[in-house]
Amino acid sequence: MWPGEGLWRTIKTWWNAPSGNYGQAVQSVAAQSFSASDMPVPQTNGEALFMSMAAAAYNTGHSAPGNLKISARTNVSVESPEPVSLGQRAIEIHSEVKPATQSRTTIAVGEGTDASGNTVRVVGSSEPNGLRKQQIAALKPGEIAATGPGHAEVTVMNYAKANDINIKSVGASRPICFNCALQIQANGVAAVTPLKVVKKVSQ
Amino acid sequence: MDAFEENIQKKLMPLSNEKKLLFALLVCEKLYPNYLYFQRRCDWGDSNVLLEALELMYQSLFNSSLFGNREIEQYMNSVDTVTPDTEDFLDSSVSLALDACTAVYSSLNFMLDHDIEHIVAVAVYARDTVYMSIVNRDELDMNLKGMDARVSSDPLMLKEIARQLSVIEELGNPKNKIISDELIQNLKRGDAIIDLSVLKDI
C-alpha cells in the first residue's frame with residue numbers, strides 16, 4: 001500500500017457516490033444563477049462539485065462592482081466610438097476601386113477645422129480628375145472630396161488652403177514620398193502614416 | 001459590388017468563356033485610343049505592348065490552346081511595365097491610360113483563371129473612364145449634391161452602358177453561336193466611348 005492510498009480511495013469513493021440531496025441543492029442554486037430551468041441534476045458528488053464551482057464563478061463575475069460587470073447574456077458592442085484613423089480611412093476609400101487601379105493610385109485624408117470651427121476631413125486622390133465614382137459614394141458626412149493636380153497629399157493641402165480649412169494631420173494609403181513629406185512639414189501639418197523609404201544607391 | 005457591376009455580371013454569366021473574353025476584348029479596343037493619347041501627350045509608355053496583348057487575345061478566341069499560362073503571364077508583366085502610375089503624371093489623361101492598361105491586364109488574367117470578376121472589372125474600367133471624362137469635361141464639383149446622378153444620366157454614360165449591354169445581348173443571341181470575323185466586325189461598330197478633344201487640363 002503506497003502512502004496516501006487510503007485518502008485517495010476515500011476521495012474516489014466520495015467523488016463517484018450518488019449526489020443525493022447535495023446534488024439537488026447544487027442544481028437548484030445553479031439553475032437560479034444561470035436562469036436555466038432545464039439545468040440537469042448532477043448524478044455524482046464530483047459532478048455536483050463542478051456545478052457548484054461554475055455557479056460560484058458565475059456569481060462572482062455577476063456581482064462585480066460597477067462598470068466591471070458584464071452580463072453573460074449581453075451583446076457587447078464592437079463598434080468603436082473613436083473615429084477611424086486617417087491612414088485607415090485612406091485605405092478604406094482606396095480599396096473601393098479594383099486592386100489593379102489601387103496599385104497605381106493613392107488616396108490621402110487630411111483632418112482639420114473649417115472656417116466655422118467644424119472638424120472636417122479632406123479626401124484627395126493622386127488622379128488628376130479626383131476621386132472615382134465608387135470612392136465618392138463611400139464618403140461619409142464631414143468628408144470633402146478634393147480635386148487638383150499633384151500627389152494626393154498635396155491635393156488635400158492645396159484644396160484645404162483654397163477653402164479656408166486648417167489641416168492638422170494627413171495620412172495616405174501608400175507611403176508618403178519625400179517631396180510630399182517636405183510640403184507637409186512646411187505647412188505645419190503632421191504626417192500620420194509611414195514615409196516612403198528611399199533606397200540608398202551603392203557606390 | 002454596385003448595381004452596375006451586379007447587372008453586368010448577371011448578364012455575362014450565361015456566356016461561354018470565349019464570348020466573355022470577346023466582350024472584354026471589345027472594351028479594351030475602345031479604351032486603347034486613350035492610352036495612345038496619353039503616350040503622345042506625356043511621351044511615356046509603349047502602346048505596342050497593349051496591341052500585342054490584344055492580338056494574343058484575338059488569336060486565343062479561335063484557338064484557346066495557342067498560348068500557355070507562362071506566355072500569358074509574360075504578357076501581363078509587359079503590360080504592367082507600361083502601366084502609368086498616377087503619381088508620376090499631372091496630365092488628366094493618365095487615369096484614362098491606366099484604365100486602358102488595367103482592362104488589358106484583367107482580360108489576360110481571365111485567360112488564366114476564367115474568373116468572371118476580371119471581365120466585370122473591364123466593364124467597370126470603361127465606366128470609370130466615361131465617368132471621369134464627364135467630370136473633367138463639365139468641371140463638376142464632386143461635393144455637389146446630385147453630382148453622381150447627373151453624371152450617371154449624362155448621354156455619354158447612358159450610351160456606353162447601352163453599348164456594353166447591347167454587345168452582351170448580341171453575344172448571347174443563339175444565332176451568334178459561333179464567334180466569326182463577321183460577328184466581331186459587327187460588334188466593333190460605333191464611335192469612341194469618350195471625346196478626347198474636350199478633355200481639359202487640370
# chains A, B, ... in the order shown; residues from 1 in each chain; ligands from 1
>>> closest_atom_pairs(of="chain A", to="chain B", cutoff="12 Å", atoms="only C-alpha atoms", output="Markdown table")
| residue | atom | partner | partner_atom | distance |
| --- | --- | --- | --- | --- |
| A:Ser95 | CA | B:Met1 | CA | 11.9 |
| A:Glu96 | CA | B:Met1 | CA | 9.2 |
| A:Val97 | CA | B:Val124 | CA | 9.3 |
| A:Lys98 | CA | B:Ala121 | CA | 7.1 |
| A:Pro99 | CA | B:Thr102 | CA | 9.5 |
| A:Ala100 | CA | B:Thr102 | CA | 6.1 |
| A:Thr101 | CA | B:Thr102 | CA | 7.0 |
| A:Gln102 | CA | B:Asp85 | CA | 9.9 |
| A:Ser103 | CA | B:Asp85 | CA | 8.0 |
| A:Arg104 | CA | B:Asp85 | CA | 4.5 |
| A:Thr105 | CA | B:Thr86 | CA | 5.5 |
| A:Thr106 | CA | B:Glu87 | CA | 7.5 |
| A:Ile107 | CA | B:Glu87 | CA | 10.6 |
| A:Val122 | CA | B:Asn143 | CA | 10.9 |
| A:Val123 | CA | B:Asn143 | CA | 10.9 |
| A:Gly124 | CA | B:Met142 | CA | 11.2 |
| A:Ser125 | CA | B:Thr86 | CA | 9.1 |
| A:Ser126 | CA | B:Glu87 | CA | 5.5 |
| A:Glu127 | CA | B:Thr86 | CA | 5.6 |
| A:Pro128 | CA | B:Ser92 | CA | 5.1 |
| A:Asn129 | CA | B:Ser92 | CA | 6.1 |
| A:Gly130 | CA | B:Met132 | CA | 8.2 |
| A:Leu131 | CA | B:Met142 | CA | 8.2 |
| A:Arg132 | CA | B:Asp128 | CA | 6.8 |
| A:Lys133 | CA | B:Asp128 | CA | 7.0 |
| A:Gln134 | CA | B:Asp2 | CA | 8.2 |
| A:Gln135 | CA | B:Met142 | CA | 10.6 |
| A:Ile136 | CA | B:Met142 | CA | 7.3 |
| A:Ala137 | CA | B:Asp148 | CA | 8.3 |
| A:Ala138 | CA | B:Asp2 | CA | 11.4 |
| A:Leu139 | CA | B:Asn143 | CA | 9.7 |
| A:Lys140 | CA | B:Asn143 | CA | 11.3 |
| A:Pro141 | CA | B:Asn143 | CA | 10.8 |
| A:Gly142 | CA | B:Asn143 | CA | 10.8 |
| A:Glu143 | CA | B:Asn143 | CA | 9.2 |
| A:Ile144 | CA | B:Asn143 | CA | 6.5 |
| A:Ala145 | CA | B:Asn143 | CA | 6.1 |
| A:Ala146 | CA | B:Met142 | CA | 7.9 |
| A:Thr147 | CA | B:Met142 | CA | 8.2 |
| A:Gly148 | CA | B:Ile202 | CA | 6.3 |
| A:Pro149 | CA | B:Leu90 | CA | 5.7 |
| A:Gly150 | CA | B:Leu90 | CA | 6.0 |
| A:His151 | CA | B:Glu87 | CA | 5.6 |
| A:Ala152 | CA | B:Glu87 | CA | 8.1 |
| A:Glu153 | CA | B:Glu87 | CA | 10.6 |
| A:Val154 | CA | B:Glu87 | CA | 10.9 |
| A:Thr155 | CA | B:Glu87 | CA | 11.4 |
| A:Arg174 | CA | B:Glu87 | CA | 10.8 |
| A:Pro175 | CA | B:Glu87 | CA | 11.9 |
| A:Ile176 | CA | B:Glu87 | CA | 10.9 |
| A:Cys177 | CA | B:Glu87 | CA | 9.9 |
| A:Asn179 | CA | B:Glu87 | CA | 11.7 |
| A:Cys180 | CA | B:Glu87 | CA | 11.1 |
>>> residues_around(residues="Ile91 of chain A", least_positions_apart="2", cutoff="8 Å", atoms="only C-alpha atoms", output="NGL selection string")
:A and (87-89 or 93-95 or 107 or 172-173)
>>> write_last_selection(atoms="C-alpha atoms", output="compact mmCIF listing (two decimals), in the first residue's frame")
# COMPACT_ATOMS: atom_id res chain seq x y z
CA GLY A 87 -4.41 56.18 -42.58
CA GLN A 88 -7.10 53.55 -42.10
CA ARG A 89 -9.74 55.78 -43.69
CA ILE A 93 -11.57 54.71 -49.58
CA HIS A 94 -8.67 53.46 -51.69
CA SER A 95 -9.98 49.90 -51.57
CA ILE A 107 -5.68 58.34 -51.55
CA ALA A 172 -2.19 58.28 -47.05
CA SER A 173 -2.97 54.82 -48.42
>>> atom_distance(atom1="atom CA of Trp15 of chain A", atom2="atom CA of Glu47 of chain A")
8.1 Å
>>> atom_distance(atom1="atom CA of Leu7 of chain A", atom2="atom CA of Leu49 of chain A")
18.1 Å
>>> select_by_dssp(residues="segment 55-162 of chain B", states="helix (DSSP H, G or I)", output="JSON, numbers by chain")
{"B": [55, 56, 57, 58, 59, 60, 61, 62, 69, 70, 71, 72, 73, 74, 75, 76, 77, 78, 79, 80, 81, 93, 94, 95, 96, 97, 98, 99, 100, 101, 102, 103, 104, 105, 106, 107, 108, 109, 110, 111, 112, 113, 116, 117, 118, 119, 120, 121, 122, 123, 124, 125, 126, 127, 128, 129, 130, 131, 132, 133, 134, 135, 136, 137, 138, 147, 148, 149, 150, 151, 152, 155, 156, 157, 158, 159, 160, 161, 162]}
>>> residues_around(residues="Ile119 of chain B", least_positions_apart="2", cutoff="8 Å", atoms="only C-alpha atoms", output="PDB file with N, CA and C atoms, in the first residue's frame")
ATOM      1  N   LYS B  20     -17.067  35.721 -73.206  1.00  0.00           N
ATOM      2  CA  LYS B  20     -16.740  36.685 -72.132  1.00  0.00           C
ATOM      3  C   LYS B  20     -15.449  37.420 -72.506  1.00  0.00           C
ATOM      4  N   LEU B  21     -14.482  36.648 -73.011  1.00  0.00           N
ATOM      5  CA  LEU B  21     -13.200  37.258 -73.393  1.00  0.00           C
ATOM      6  C   LEU B  21     -13.399  38.227 -74.552  1.00  0.00           C
ATOM      7  N   PHE B  23     -16.047  39.971 -75.200  1.00  0.00           N
ATOM      8  CA  PHE B  23     -16.649  41.190 -74.638  1.00  0.00           C
ATOM      9  C   PHE B  23     -15.548  42.093 -74.069  1.00  0.00           C
ATOM     10  N   ALA B  24     -14.658  41.495 -73.274  1.00  0.00           N
ATOM     11  CA  ALA B  24     -13.567  42.262 -72.657  1.00  0.00           C
ATOM     12  C   ALA B  24     -12.657  42.865 -73.720  1.00  0.00           C
ATOM     13  N   SER B 106      -6.562  42.746 -66.882  1.00  0.00           N
ATOM     14  CA  SER B 106      -7.646  41.910 -66.331  1.00  0.00           C
ATOM     15  C   SER B 106      -8.111  40.870 -67.351  1.00  0.00           C
ATOM     16  N   SER B 107      -8.149  41.265 -68.616  1.00  0.00           N
ATOM     17  CA  SER B 107      -8.575  40.326 -69.669  1.00  0.00           C
ATOM     18  C   SER B 107      -7.595  39.162 -69.768  1.00  0.00           C
ATOM     19  N   PHE B 110      -8.077  36.861 -66.947  1.00  0.00           N
ATOM     20  CA  PHE B 110      -9.238  35.983 -67.161  1.00  0.00           C
ATOM     21  C   PHE B 110      -8.831  34.740 -67.959  1.00  0.00           C
ATOM     22  N   ASP B 115     -12.001  33.653 -64.104  1.00  0.00           N
ATOM     23  CA  ASP B 115     -12.821  34.269 -63.060  1.00  0.00           C
ATOM     24  C   ASP B 115     -13.584  35.437 -63.690  1.00  0.00           C
ATOM     25  N   ILE B 116     -14.901  35.357 -63.639  1.00  0.00           N
ATOM     26  CA  ILE B 116     -15.757  36.377 -64.289  1.00  0.00           C
ATOM     27  C   ILE B 116     -15.516  37.779 -63.735  1.00  0.00           C
ATOM     28  N   GLU B 117     -15.010  37.853 -62.506  1.00  0.00           N
ATOM     29  CA  GLU B 117     -14.777  39.179 -61.903  1.00  0.00           C
ATOM     30  C   GLU B 117     -13.786  40.018 -62.712  1.00  0.00           C
ATOM     31  N   ALA B 121     -14.595  43.653 -64.091  1.00  0.00           N
ATOM     32  CA  ALA B 121     -13.660  44.756 -63.826  1.00  0.00           C
ATOM     33  C   ALA B 121     -13.395  45.552 -65.106  1.00  0.00           C
ATOM     34  N   VAL B 122     -13.289  44.851 -66.230  1.00  0.00           N
ATOM     35  CA  VAL B 122     -13.039  45.530 -67.511  1.00  0.00           C
ATOM     36  C   VAL B 122     -14.192  46.493 -67.815  1.00  0.00           C
ATOM     37  N   ALA B 123     -15.421  46.014 -67.587  1.00  0.00           N
ATOM     38  CA  ALA B 123     -16.600  46.872 -67.810  1.00  0.00           C
ATOM     39  C   ALA B 123     -16.546  48.088 -66.880  1.00  0.00           C
TER      40      ALA B 123
END
>>> atom_distance(atom1="atom CA of Glu71 of chain B", atom2="atom CA of Leu112 of chain B")
10.3 Å
>>> residues_around(residues="Leu171 of chain B", least_positions_apart="2", cutoff="10 Å", atoms="only C-alpha atoms", output="list in words")
Leu12, Leu15, Ser16, Lys19, Lys20, Leu22, Phe23, Leu165, Ser166, Val167, Ile168, Glu169, Asn173, Pro174, Lys175, Asn176, Lys177, Ile178, Ile179, Leu183, Ile184 and Leu187 of chain B
>>> residues_around(residues="Ser197 of chain B", least_positions_apart="3", cutoff="10 Å", atoms="only C-alpha atoms", output="list of chain:residue names")
B:Tyr37, B:Arg137, B:Ile194, B:Lys200
